[in-house]
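As stored in start-v1.txt (compact mmCIF, C-alpha atoms):
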```
# COMPACT_ATOMS: atom_id res chain seq x y z
CA MET A 1 -1.96 1.11 62.50
CA LYS A 2 1.36 1.01 60.71
CA CYS A 3 4.27 2.21 62.83
CA ASN A 4 5.37 5.67 61.77
CA ARG A 5 8.36 5.78 64.05
CA ILE A 6 10.92 2.99 64.16
CA ILE A 7 13.75 3.11 66.69
CA LEU A 8 16.83 0.91 66.71
CA ALA A 9 17.93 0.50 70.33
CA SER A 10 21.57 -0.17 69.48
CA ALA A 11 24.76 1.83 69.06
CA SER A 12 26.23 -0.73 66.63
CA PRO A 13 27.05 0.76 63.21
CA ARG A 14 26.80 -2.77 61.77
CA ARG A 15 23.22 -3.18 63.00
CA LYS A 16 22.34 0.26 61.68
CA GLU A 17 23.65 -0.63 58.24
CA LEU A 18 21.77 -3.96 58.25
CA LEU A 19 18.46 -2.47 59.40
CA ALA A 20 18.74 0.14 56.63
CA ARG A 21 18.50 -2.71 54.09
CA LEU A 22 14.83 -3.16 55.02
CA GLY A 23 14.19 0.18 53.35
CA ALA A 24 12.19 1.78 56.17
CA GLU A 25 13.35 5.01 57.85
CA PHE A 26 14.41 4.71 61.47
CA GLU A 27 16.22 6.53 64.28
CA VAL A 28 18.98 5.20 66.49
CA ILE A 29 18.65 5.57 70.28
CA PRO A 30 21.20 3.38 72.06
CA SER A 31 19.74 1.97 75.27
CA GLY A 32 21.60 3.31 78.28
CA GLY A 33 20.05 0.77 80.63
CA GLU A 34 21.94 -1.74 82.70
CA GLU A 35 22.03 -5.26 81.28
CA VAL A 36 21.22 -8.06 83.67
CA ILE A 37 21.56 -11.72 82.76
CA THR A 38 19.38 -14.16 84.68
CA LYS A 39 19.24 -16.92 82.04
CA GLU A 40 21.77 -19.64 81.28
CA ILE A 41 20.85 -20.94 77.83
CA PRO A 42 22.46 -18.84 75.02
CA SER A 43 19.22 -18.38 73.06
CA GLU A 44 17.45 -17.18 76.21
CA ILE A 45 20.30 -14.85 77.18
CA VAL A 46 20.26 -12.98 73.84
CA MET A 47 16.47 -12.66 73.96
CA GLU A 48 16.65 -11.39 77.55
CA LEU A 49 19.27 -8.76 76.68
CA ALA A 50 17.45 -7.74 73.49
CA ALA A 51 14.27 -7.24 75.53
CA GLN A 52 16.12 -5.12 78.09
CA LYS A 53 17.53 -2.89 75.34
CA ALA A 54 14.20 -2.44 73.54
CA GLY A 55 12.45 -2.03 76.91
CA ALA A 56 14.77 0.73 78.12
CA VAL A 57 14.26 2.72 74.91
CA ALA A 58 10.48 2.14 74.91
CA LYS A 59 10.39 3.48 78.50
CA GLU A 60 12.34 6.59 77.46
CA VAL A 61 10.01 7.19 74.53
CA ARG A 62 6.94 6.79 76.74
CA GLU A 63 8.33 9.38 79.15
CA GLU A 64 9.21 11.71 76.29
CA TYR A 65 5.62 11.58 74.98
CA GLY A 66 4.32 11.97 78.56
CA ARG A 67 6.09 15.33 78.77
CA SER A 68 4.91 16.58 75.35
CA ALA A 69 1.54 18.18 74.64
CA LYS A 70 1.05 15.94 71.60
CA GLY A 71 1.18 12.67 73.46
CA ILE A 72 1.72 9.30 71.87
CA SER A 73 -1.84 9.16 70.45
CA GLU A 74 -0.87 10.19 66.95
CA GLU A 75 2.01 7.81 66.70
CA CYS A 76 2.80 4.15 66.67
CA VAL A 77 6.34 3.53 67.83
CA LEU A 78 8.33 0.35 67.18
CA ALA A 79 11.48 -0.16 69.25
CA ILE A 80 13.94 -2.83 68.11
CA GLY A 81 16.53 -4.28 70.49
CA ALA A 82 19.14 -6.88 69.55
CA ASP A 83 21.97 -8.75 71.19
CA THR A 84 24.54 -11.14 69.71
CA ILE A 85 26.74 -13.70 71.42
CA VAL A 86 29.27 -16.23 70.22
CA VAL A 87 29.16 -19.69 71.79
CA ASN A 88 31.98 -22.17 71.43
CA GLU A 89 31.60 -25.67 72.89
CA GLY A 90 28.97 -24.34 75.28
CA LYS A 91 31.11 -21.42 76.45
CA ILE A 92 30.03 -17.83 75.79
CA LEU A 93 32.66 -15.59 74.21
CA GLY A 94 32.14 -11.86 74.74
CA LYS A 95 34.35 -9.06 73.45
CA PRO A 96 38.02 -9.76 74.20
CA ALA A 97 39.54 -7.88 77.17
CA ASP A 98 42.83 -7.29 75.32
CA GLU A 99 45.01 -8.68 72.54
CA ALA A 100 46.11 -11.73 74.51
CA ASP A 101 42.46 -12.54 75.20
CA ALA A 102 41.62 -12.13 71.49
CA CYS A 103 44.41 -14.60 70.62
CA ARG A 104 43.04 -17.09 73.16
CA MET A 105 39.54 -16.82 71.70
CA LEU A 106 40.73 -17.26 68.10
CA ARG A 107 42.85 -20.26 69.14
CA SER A 108 39.70 -21.82 70.63
CA LEU A 109 37.68 -21.21 67.42
CA SER A 110 40.41 -22.42 65.04
CA GLY A 111 39.49 -25.49 62.96
CA LYS A 112 36.07 -25.85 64.61
CA THR A 113 32.38 -25.01 64.26
CA HIS A 114 30.78 -22.65 66.78
CA GLN A 115 27.38 -20.96 67.15
CA VAL A 116 26.34 -17.33 66.87
CA TYR A 117 23.03 -16.29 68.47
CA THR A 118 21.25 -13.02 67.91
CA GLY A 119 18.16 -12.25 69.94
CA VAL A 120 15.75 -9.57 68.73
CA CYS A 121 12.96 -7.88 70.65
CA LEU A 122 10.22 -5.78 69.02
CA ILE A 123 8.13 -3.48 71.21
CA ARG A 124 5.12 -1.66 69.74
CA LEU A 125 3.80 1.34 71.61
CA GLU A 126 0.51 3.10 71.05
CA THR A 127 -1.55 5.11 73.52
CA GLU A 128 -3.49 2.22 74.95
CA LYS A 129 -1.43 -0.68 73.80
CA CYS A 130 2.05 -2.08 74.27
CA GLU A 131 3.00 -5.37 72.71
CA GLU A 132 6.28 -7.23 72.78
CA HIS A 133 7.60 -9.97 70.53
CA THR A 134 10.96 -11.69 70.95
CA PHE A 135 12.81 -14.28 68.90
CA PHE A 136 16.34 -15.51 68.21
CA GLU A 137 18.27 -16.81 65.24
CA GLU A 138 21.20 -19.26 65.32
CA THR A 139 24.00 -19.59 62.74
CA ASN A 140 26.83 -22.12 62.72
CA VAL A 141 30.25 -20.80 61.70
CA THR A 142 33.19 -23.05 60.76
CA PHE A 143 36.78 -21.79 60.90
CA TYR A 144 39.72 -23.17 58.97
CA PRO A 145 42.58 -24.14 61.29
CA MET A 146 44.63 -20.99 62.00
CA THR A 147 48.38 -20.95 62.62
CA GLU A 148 49.82 -18.90 65.51
CA GLU A 149 51.22 -16.49 62.91
CA GLU A 150 47.79 -16.04 61.29
CA ILE A 151 46.18 -15.41 64.69
CA ARG A 152 48.88 -12.87 65.56
CA ASP A 153 48.56 -11.15 62.16
CA TYR A 154 44.80 -10.88 62.49
CA VAL A 155 44.90 -9.56 66.07
CA ASP A 156 47.54 -7.01 64.97
CA THR A 157 44.94 -5.47 62.64
CA LYS A 158 42.85 -4.58 65.77
CA ASP A 159 39.74 -5.85 63.95
CA PRO A 160 38.97 -8.47 66.65
CA LEU A 161 39.12 -6.12 69.64
CA ASP A 162 35.58 -4.69 69.57
CA LYS A 163 33.83 -7.87 68.47
CA ALA A 164 32.21 -10.74 70.37
CA GLY A 165 34.26 -13.90 69.81
CA ALA A 166 37.20 -11.75 68.63
CA TYR A 167 36.35 -11.80 64.93
CA GLY A 168 34.29 -9.97 62.33
CA ILE A 169 32.96 -12.26 59.61
CA GLN A 170 32.42 -9.37 57.18
CA GLY A 171 36.02 -8.21 56.87
CA ILE A 172 39.53 -9.53 56.48
CA CYS A 173 38.74 -12.48 58.76
CA GLY A 174 36.73 -13.94 55.86
CA LYS A 175 39.81 -15.79 54.62
CA TYR A 176 39.77 -18.00 57.72
CA ILE A 177 36.08 -18.89 57.58
CA ARG A 178 35.37 -22.14 55.74
CA GLY A 179 31.61 -21.73 55.72
CA ILE A 180 28.45 -21.06 57.66
CA GLN A 181 25.06 -22.67 58.07
CA GLY A 182 22.24 -20.16 58.48
CA ASP A 183 21.87 -16.42 58.00
CA TYR A 184 25.13 -14.56 57.37
CA ASN A 185 23.73 -11.23 58.58
CA ASN A 186 22.87 -12.89 61.89
CA VAL A 187 26.61 -13.32 62.47
CA VAL A 188 27.24 -9.67 61.57
CA GLY A 189 24.68 -8.71 64.24
CA LEU A 190 21.11 -8.65 62.93
CA PRO A 191 19.13 -11.47 61.25
CA VAL A 192 17.74 -9.16 58.57
CA ALA A 193 15.60 -11.73 56.72
CA ARG A 194 14.02 -13.18 59.87
CA LEU A 195 13.48 -9.66 61.28
CA TYR A 196 11.75 -8.53 58.09
CA HIS A 197 9.36 -11.48 58.17
CA GLU A 198 8.73 -11.20 61.93
CA MET A 199 7.96 -7.49 61.51
CA LEU A 200 5.45 -8.27 58.76
CA GLU A 201 3.80 -10.90 60.96
CA PHE A 202 3.85 -8.65 64.03
CA SER A 203 2.13 -5.82 62.08
CA ARG A 204 -0.45 -8.27 60.75
CA ASP A 205 -1.34 -9.58 64.23
CA TRP A 206 -1.60 -6.03 65.46
CA ASN A 207 -3.92 -4.93 62.69
CA GLU A 208 -6.35 -7.81 62.99
CA MET B 1 59.85 -18.11 44.28
CA LYS B 2 57.04 -16.08 45.76
CA CYS B 3 54.89 -14.35 43.14
CA ASN B 4 55.65 -10.66 42.99
CA ARG B 5 52.89 -9.85 40.55
CA ILE B 6 49.31 -10.96 41.11
CA ILE B 7 46.68 -10.32 38.44
CA LEU B 8 42.94 -10.67 38.85
CA ALA B 9 41.50 -11.61 35.45
CA SER B 10 38.06 -10.16 36.16
CA ALA B 11 36.26 -6.87 35.69
CA SER B 12 33.93 -7.52 38.65
CA PRO B 13 34.20 -4.86 41.35
CA ARG B 14 32.84 -7.42 43.84
CA ARG B 15 35.69 -9.85 43.10
CA LYS B 16 38.22 -7.03 43.35
CA GLU B 17 36.92 -6.06 46.79
CA LEU B 18 36.98 -9.69 47.96
CA LEU B 19 40.50 -10.40 46.69
CA ALA B 20 41.69 -7.25 48.47
CA ARG B 21 40.76 -8.92 51.77
CA LEU B 22 43.69 -11.31 51.33
CA GLY B 23 45.96 -8.35 51.94
CA ALA B 24 48.26 -8.86 48.93
CA GLU B 25 48.63 -6.19 46.27
CA PHE B 26 47.28 -7.04 42.84
CA GLU B 27 46.35 -5.57 39.46
CA VAL B 28 43.12 -6.05 37.56
CA ILE B 29 43.29 -7.09 33.88
CA PRO B 30 39.87 -8.22 32.65
CA SER B 31 40.21 -11.07 30.19
CA GLY B 32 38.99 -10.03 26.75
CA GLY B 33 38.94 -13.59 25.45
CA GLU B 34 35.90 -15.37 24.12
CA GLU B 35 34.28 -17.79 26.54
CA VAL B 36 33.48 -21.24 25.22
CA ILE B 37 31.52 -23.81 27.21
CA THR B 38 32.13 -27.45 26.31
CA LYS B 39 31.14 -28.97 29.68
CA GLU B 40 27.70 -29.77 31.02
CA ILE B 41 28.15 -30.21 34.76
CA PRO B 42 27.96 -26.84 36.63
CA SER B 43 31.17 -27.38 38.63
CA GLU B 44 33.04 -28.22 35.40
CA ILE B 45 31.58 -25.25 33.54
CA VAL B 46 32.78 -22.71 36.13
CA MET B 47 36.24 -24.28 36.21
CA GLU B 48 36.39 -24.25 32.41
CA LEU B 49 35.41 -20.57 32.21
CA ALA B 50 37.75 -19.59 35.07
CA ALA B 51 40.62 -21.34 33.24
CA GLN B 52 39.80 -19.50 30.00
CA LYS B 53 39.84 -16.14 31.79
CA ALA B 54 43.11 -16.80 33.64
CA GLY B 55 44.59 -18.34 30.47
CA ALA B 56 43.74 -15.33 28.29
CA VAL B 57 45.41 -12.95 30.73
CA ALA B 58 48.44 -15.23 31.22
CA LYS B 59 48.88 -15.27 27.44
CA GLU B 60 48.74 -11.46 27.28
CA VAL B 61 51.30 -11.18 30.05
CA ARG B 62 53.62 -13.64 28.35
CA GLU B 63 53.45 -11.59 25.14
CA GLU B 64 54.01 -8.37 27.06
CA TYR B 65 57.19 -9.78 28.62
CA GLY B 66 58.23 -11.16 25.24
CA ARG B 67 58.24 -7.60 23.88
CA SER B 68 60.13 -6.09 26.82
CA ALA B 69 63.90 -6.13 27.31
CA LYS B 70 63.50 -7.24 30.89
CA GLY B 71 61.67 -10.47 30.14
CA ILE B 72 59.75 -12.51 32.64
CA SER B 73 62.90 -13.87 34.29
CA GLU B 74 62.84 -11.46 37.20
CA GLU B 75 59.20 -12.00 37.96
CA CYS B 76 56.77 -14.63 39.03
CA VAL B 77 53.28 -13.83 37.84
CA LEU B 78 50.10 -15.30 39.28
CA ALA B 79 46.92 -14.86 37.21
CA ILE B 80 43.59 -15.54 38.93
CA GLY B 81 40.45 -16.25 36.91
CA ALA B 82 36.99 -16.86 38.38
CA ASP B 83 33.49 -17.57 37.17
CA THR B 84 30.22 -17.87 39.10
CA ILE B 85 26.94 -19.46 38.10
CA VAL B 86 23.61 -19.97 39.82
CA VAL B 87 21.94 -23.35 39.41
CA ASN B 88 18.31 -23.96 40.30
CA GLU B 89 16.88 -27.47 40.03
CA GLY B 90 19.62 -28.37 37.57
CA LYS B 91 19.03 -25.30 35.38
CA ILE B 92 21.74 -22.66 34.98
CA LEU B 93 20.62 -19.07 35.55
CA GLY B 94 22.81 -16.41 33.95
CA LYS B 95 22.30 -12.66 34.10
CA PRO B 96 18.68 -11.72 33.32
CA ALA B 97 17.99 -10.39 29.82
CA ASP B 98 15.53 -7.77 31.11
CA GLU B 99 13.18 -7.01 34.00
CA ALA B 100 10.61 -9.63 33.01
CA ASP B 101 13.38 -12.23 32.90
CA ALA B 102 14.61 -11.12 36.35
CA CYS B 103 11.05 -11.57 37.72
CA ARG B 104 10.86 -15.06 36.21
CA MET B 105 14.20 -16.05 37.78
CA LEU B 106 13.24 -14.71 41.21
CA ARG B 107 9.88 -16.52 41.01
CA SER B 108 11.77 -19.76 40.32
CA LEU B 109 14.10 -19.21 43.33
CA SER B 110 11.32 -18.16 45.75
CA GLY B 111 10.86 -20.48 48.74
CA LYS B 112 13.54 -22.92 47.58
CA THR B 113 17.20 -23.86 47.94
CA HIS B 114 19.51 -23.46 44.96
CA GLN B 115 23.27 -23.79 44.34
CA VAL B 116 25.93 -21.22 43.57
CA TYR B 117 29.19 -22.42 42.01
CA THR B 118 32.35 -20.40 41.67
CA GLY B 119 35.27 -21.87 39.76
CA VAL B 120 38.75 -20.44 40.28
CA CYS B 121 41.85 -20.96 38.16
CA LEU B 122 45.37 -20.03 39.28
CA ILE B 123 48.12 -19.81 36.66
CA ARG B 124 51.75 -19.27 37.73
CA LEU B 125 54.17 -18.01 35.15
CA GLU B 126 57.95 -17.96 35.39
CA THR B 127 60.50 -18.03 32.59
CA GLU B 128 60.72 -21.77 32.30
CA LYS B 129 57.61 -22.83 34.12
CA CYS B 130 53.87 -22.49 33.84
CA GLU B 131 51.61 -24.26 36.26
CA GLU B 132 47.85 -24.26 36.48
CA HIS B 133 45.56 -25.19 39.37
CA THR B 134 41.77 -25.13 39.22
CA PHE B 135 39.06 -25.76 41.82
CA PHE B 136 35.45 -24.89 42.56
CA GLU B 137 33.38 -24.10 45.62
CA GLU B 138 29.64 -24.75 46.06
CA THR B 139 27.24 -22.90 48.37
CA ASN B 140 23.56 -23.63 48.96
CA VAL B 141 21.28 -20.60 49.23
CA THR B 142 17.71 -20.77 50.58
CA PHE B 143 15.15 -18.07 49.76
CA TYR B 144 12.06 -17.23 51.79
CA PRO B 145 8.91 -17.38 49.67
CA MET B 146 8.56 -14.03 47.85
CA THR B 147 5.24 -12.41 46.94
CA GLU B 148 4.71 -10.95 43.46
CA GLU B 149 4.84 -7.50 45.06
CA GLU B 150 8.18 -8.23 46.72
CA ILE B 151 9.62 -9.55 43.46
CA ARG B 152 8.38 -6.44 41.61
CA ASP B 153 9.76 -4.11 44.32
CA TYR B 154 13.15 -5.78 44.22
CA VAL B 155 13.40 -5.76 40.42
CA ASP B 156 12.39 -2.07 40.44
CA THR B 157 15.59 -1.31 42.38
CA LYS B 158 17.59 -2.54 39.31
CA ASP B 159 19.87 -4.49 41.68
CA PRO B 160 19.08 -7.85 39.99
CA LEU B 161 19.81 -6.77 36.42
CA ASP B 162 23.60 -7.25 36.34
CA LYS B 163 23.71 -10.36 38.49
CA ALA B 164 23.62 -14.09 37.73
CA GLY B 165 20.36 -15.54 39.07
CA ALA B 166 18.90 -12.01 39.30
CA TYR B 167 19.94 -11.32 42.88
CA GLY B 168 22.83 -9.95 44.93
CA ILE B 169 23.14 -11.64 48.33
CA GLN B 170 25.17 -8.75 49.76
CA GLY B 171 22.58 -5.99 49.43
CA ILE B 172 18.91 -5.30 49.93
CA CYS B 173 18.03 -8.81 48.73
CA GLY B 174 19.31 -10.05 52.10
CA LYS B 175 15.86 -9.75 53.61
CA TYR B 176 14.59 -12.54 51.35
CA ILE B 177 17.42 -14.98 52.07
CA ARG B 178 16.65 -17.42 54.87
CA GLY B 179 20.12 -18.86 55.07
CA ILE B 180 23.07 -20.40 53.28
CA GLN B 181 25.23 -23.46 53.67
CA GLY B 182 28.85 -22.87 52.72
CA ASP B 183 31.00 -19.82 52.05
CA TYR B 184 29.07 -16.56 51.80
CA ASN B 185 31.78 -14.85 49.72
CA ASN B 186 31.49 -17.66 47.19
CA VAL B 187 27.96 -16.41 46.46
CA VAL B 188 29.22 -12.84 46.13
CA GLY B 189 31.69 -14.09 43.51
CA LEU B 190 34.96 -15.32 45.02
CA PRO B 191 35.50 -18.05 47.65
CA VAL B 192 38.01 -15.98 49.59
CA ALA B 193 38.82 -18.54 52.31
CA ARG B 194 39.26 -21.44 49.92
CA LEU B 195 41.30 -19.26 47.53
CA TYR B 196 43.60 -18.16 50.34
CA HIS B 197 44.28 -21.74 51.37
CA GLU B 198 44.68 -22.98 47.78
CA MET B 199 47.15 -20.16 47.09
CA LEU B 200 49.22 -21.15 50.15
CA GLU B 201 49.21 -24.77 49.01
CA PHE B 202 50.00 -23.86 45.40
CA SER B 203 53.02 -21.75 46.48
CA ARG B 204 54.21 -24.56 48.72
CA ASP B 205 54.10 -27.16 45.91
CA TRP B 206 55.90 -24.74 43.67
CA ASN B 207 58.68 -24.05 46.11
CA GLU B 208 59.45 -27.67 46.92
```

Using the file provided, produce a representation of the structure as structure tokens.
Amino acid sequence: MKCNRIILASASPRRKELLARLGAEFEVIPSGGEEVITKEIPSEIVMELAAQKAGAVAKEVREEYGRSAKGISEECVLAIGADTIVVNEGKILGKPADEADACRMLRSLSGKTHQVYTGVCLIRLETEKCEEHTFFEETNVTFYPMTEEEIRDYVDTKDPLDKAGAYGIQGICGKYIRGIQGDYNNVVGLPVARLYHEMLEFSRDWNE
Amino acid sequence: MKCNRIILASASPRRKELLARLGAEFEVIPSGGEEVITKEIPSEIVMELAAQKAGAVAKEVREEYGRSAKGISEECVLAIGADTIVVNEGKILGKPADEADACRMLRSLSGKTHQVYTGVCLIRLETEKCEEHTFFEETNVTFYPMTEEEIRDYVDTKDPLDKAGAYGIQGICGKYIRGIQGDYNNVVGLPVARLYHEMLEFSRDWNE
């Protein structure tokens, strides 16, 4: 059964825009659940958090159908959770606490190559079935060396403040990024190409 | 002398949007000149065409100042020309002639890695001086294998028809692109990061 209801379990406008490129209609229900990290390896952390996000929304949807007369029987629901982290020399960089923190992060990325991990979790819900599939994608990002003035100028734009690692590859920060290795959209927040192919595969397994 | 007039010698809205990320104000004057290719190596072809575009606009500007009472003496003009080509297994792919041609190009890119070259030419004009600097940037792009149906669906969107190599990395084609190696913006049409650093260097040489 093809899923007739797709839910993105994320409040990120960037993820919403990227998922829209797949062409399918979907709703956005940000997961309100608490995020708990028990893993230590970056790839496992993003998959764990993605699964928690998709899981929280799948639980909500199950409850919603439980209350309705219709039930879930006529629907197949696909919940998509995703989480992105920036890792520099083994250290995880979250969103900066303030401008000084953003400057520190950018100084640490300057002139070097770091890793961006996005974990994605797909949960399919039907009346009798619930299946979960999780994967991650890694992209290397190389910065040009940045001067103190360039770091200050960029932080002054406020662009870094709501972003993991204190930069957004898709905007004005592009002039400091020498190159990447891997999927660009993975750095923005959702590995669109990998997700598309995993969704195809996931549907195929389900239908067999 | 810092350039107080920057001109982008390109009609491409994608290049305009990318150049705007550098933060400097600029005008757009598409070069009307004829493009002549005498080179055979992709990197040399894009540099040759970029130089012709920047050169044609620099010539126009020189004539414009020649006619005005003010003259060029109070200004420093920087003209920027750029040209992008897609190269697959040594073969240059231009813009597709029609839908069938777009399908053929996408079939040839499917499941493989190809190269995108953008050449950029900077021309600085002052009363007594004219200096030119040209460079190119190369990015590798890897496609997932595409089915005939996927190729047909994508060509039906018309997105490929005005683009070299019959695809636009920045849009709905993203779901077919496994990854890149190099500057993403170079594939869109302007190597923003490299251009920024070359412009800094070019101004420095000039001022010494």

Quick one: everything within 8 Å of B:Gln170, counting only C-alpha atoms, minus sequence neighbours fewer than 3 positions away in the same chain. Send it as a list of chain:residue names. B:Cys173, B:Gly174, B:Val188

Define the interface residues of chain A facing chain B as those within 6 Å, counting all atoms listed in the file, and report them as an MDAnalysis selection string. chainID A and resid 21 172 175:177 179:183 192:193

Could you give me the centre and size, in Å to one decimal, of an axis-aligned box around all listed atoms of stretch 195-199 of chain A with 5 Å added on every side, as AutoDock Vina command-line options?
```
--center_x 10.7 --center_y -9.5 --center_z 60.0 --size_x 15.5 --size_y 14.0 --size_z 13.8
```

Leaving out A:Glu150 and any residue of its chain fewer than 5 positions from it, which residues lie within 10 Å of it when counting all atoms listed in the file, given as a list in words?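 Here the qualifying residues turn out to be Leu106, Pro145, Val155, Asp156 and Tyr176 of chain A.
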
Mind giving me the straight-line distance from atom CA of A:Ala79 to atom CA of A:Glu137 in Å, one decimal?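 A separation of 18.4 Å between them.
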
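Note that the spacing between atom CA of B:Cys76 and atom CA of B:Glu126 amounts to 5.1 Å.
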
Which of these, B:Val61, B:Ala50, B:Ala24, B:Ala9, has the shortest distance to B:Val36 once you count only C-alpha atoms? B:Ala50

Exercise: residues within 6 Å of coordinate (20.6, -15.7, 39.1), counting all atoms listed in the file, as an NGL selection string: :B and (86 or 93-94 or 164-167)

Closest of A:Lys129, A:Arg152, A:Arg67, A:Lys59 to A:Arg104, counting only C-alpha atoms, is A:Arg152

Would you work out the distance separating atom CA of B:Glu44 from atom CA of B:Val57, expressed in Å to one decimal?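 It comes out at 20.2 Å.
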
A:Ala56: which residues within 9 Å, counting all atoms listed in the file, same-chain residues fewer than 6 positions away excluded, as a ChimeraX atom specification? /A:9,31-34

Fewer than 5 positions away in the same chain doesn't count, so skip those; otherwise give me all residues within 9 Å of A:Arg5, counting only C-alpha atoms, as a PyMOL selection string. chain A and resi 25-27+75-79

Within 7 Å of A:Val28 using all atoms listed in the file, minus same-chain residues under 3 positions, as a PyMOL selection string: chain A and resi 7-10

Point out the residue among A:Thr147, A:Gln52, A:Ser12, A:Val120 with the least atom-to-atom distance to A:Thr38, counting all atoms listed in the file.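 Of the candidates, the smallest distance to A:Thr38 is held by A:Gln52.
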
For stretch 151-162 of chain B, write N, CA, C and O atoms out as an mmCIF file, in the first residue's frame.
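What follows is the written file decode_7.cif:
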```
data_model
loop_
_atom_site.group_PDB
_atom_site.id
_atom_site.type_symbol
_atom_site.label_atom_id
_atom_site.label_comp_id
_atom_site.auth_asym_id
_atom_site.auth_seq_id
_atom_site.Cartn_x
_atom_site.Cartn_y
_atom_site.Cartn_z
ATOM 1 N N ILE B 151 13.717 9.969 -15.989
ATOM 2 C CA ILE B 151 14.250 10.911 -16.979
ATOM 3 C C ILE B 151 13.084 11.652 -17.655
ATOM 4 O O ILE B 151 13.085 12.880 -17.767
ATOM 5 N N ARG B 152 12.079 10.887 -18.061
ATOM 6 C CA ARG B 152 10.896 11.446 -18.728
ATOM 7 C C ARG B 152 10.175 12.451 -17.809
ATOM 8 O O ARG B 152 9.851 13.567 -18.204
ATOM 9 N N ASP B 153 9.971 12.027 -16.541
ATOM 10 C CA ASP B 153 9.312 12.896 -15.557
ATOM 11 C C ASP B 153 10.067 14.215 -15.393
ATOM 12 O O ASP B 153 9.475 15.285 -15.326
ATOM 13 N N TYR B 154 11.389 14.112 -15.300
ATOM 14 C CA TYR B 154 12.180 15.310 -15.067
ATOM 15 C C TYR B 154 12.150 16.233 -16.297
ATOM 16 O O TYR B 154 11.993 17.446 -16.163
ATOM 17 N N VAL B 155 12.263 15.644 -17.477
ATOM 18 C CA VAL B 155 12.245 16.470 -18.702
ATOM 19 C C VAL B 155 10.867 17.125 -18.864
ATOM 20 O O VAL B 155 10.763 18.275 -19.308
ATOM 21 N N ASP B 156 9.814 16.419 -18.449
ATOM 22 C CA ASP B 156 8.455 16.969 -18.528
ATOM 23 C C ASP B 156 8.289 18.248 -17.695
ATOM 24 O O ASP B 156 7.420 19.066 -17.971
ATOM 25 N N THR B 157 9.118 18.421 -16.681
ATOM 26 C CA THR B 157 9.026 19.643 -15.854
ATOM 27 C C THR B 157 9.586 20.862 -16.585
ATOM 28 O O THR B 157 9.425 21.987 -16.118
ATOM 29 N N LYS B 158 10.279 20.640 -17.705
ATOM 30 C CA LYS B 158 10.929 21.703 -18.515
ATOM 31 C C LYS B 158 12.188 22.292 -17.853
ATOM 32 O O LYS B 158 12.872 23.119 -18.451
ATOM 33 N N ASP B 159 12.458 21.894 -16.617
ATOM 34 C CA ASP B 159 13.631 22.419 -15.910
ATOM 35 C C ASP B 159 14.933 22.224 -16.694
ATOM 36 O O ASP B 159 15.789 23.111 -16.697
ATOM 37 N N PRO B 160 15.107 21.070 -17.392
ATOM 38 C CA PRO B 160 16.401 20.836 -18.062
ATOM 39 C C PRO B 160 16.644 21.697 -19.305
ATOM 40 O O PRO B 160 17.787 21.861 -19.712
ATOM 41 N N LEU B 161 15.563 22.236 -19.895
ATOM 42 C CA LEU B 161 15.673 22.774 -21.255
ATOM 43 C C LEU B 161 16.586 23.980 -21.430
ATOM 44 O O LEU B 161 17.154 24.174 -22.495
ATOM 45 N N ASP B 162 16.745 24.806 -20.392
ATOM 46 C CA ASP B 162 17.609 25.989 -20.545
ATOM 47 C C ASP B 162 18.954 25.829 -19.844
ATOM 48 O O ASP B 162 19.637 26.819 -19.581
#
```
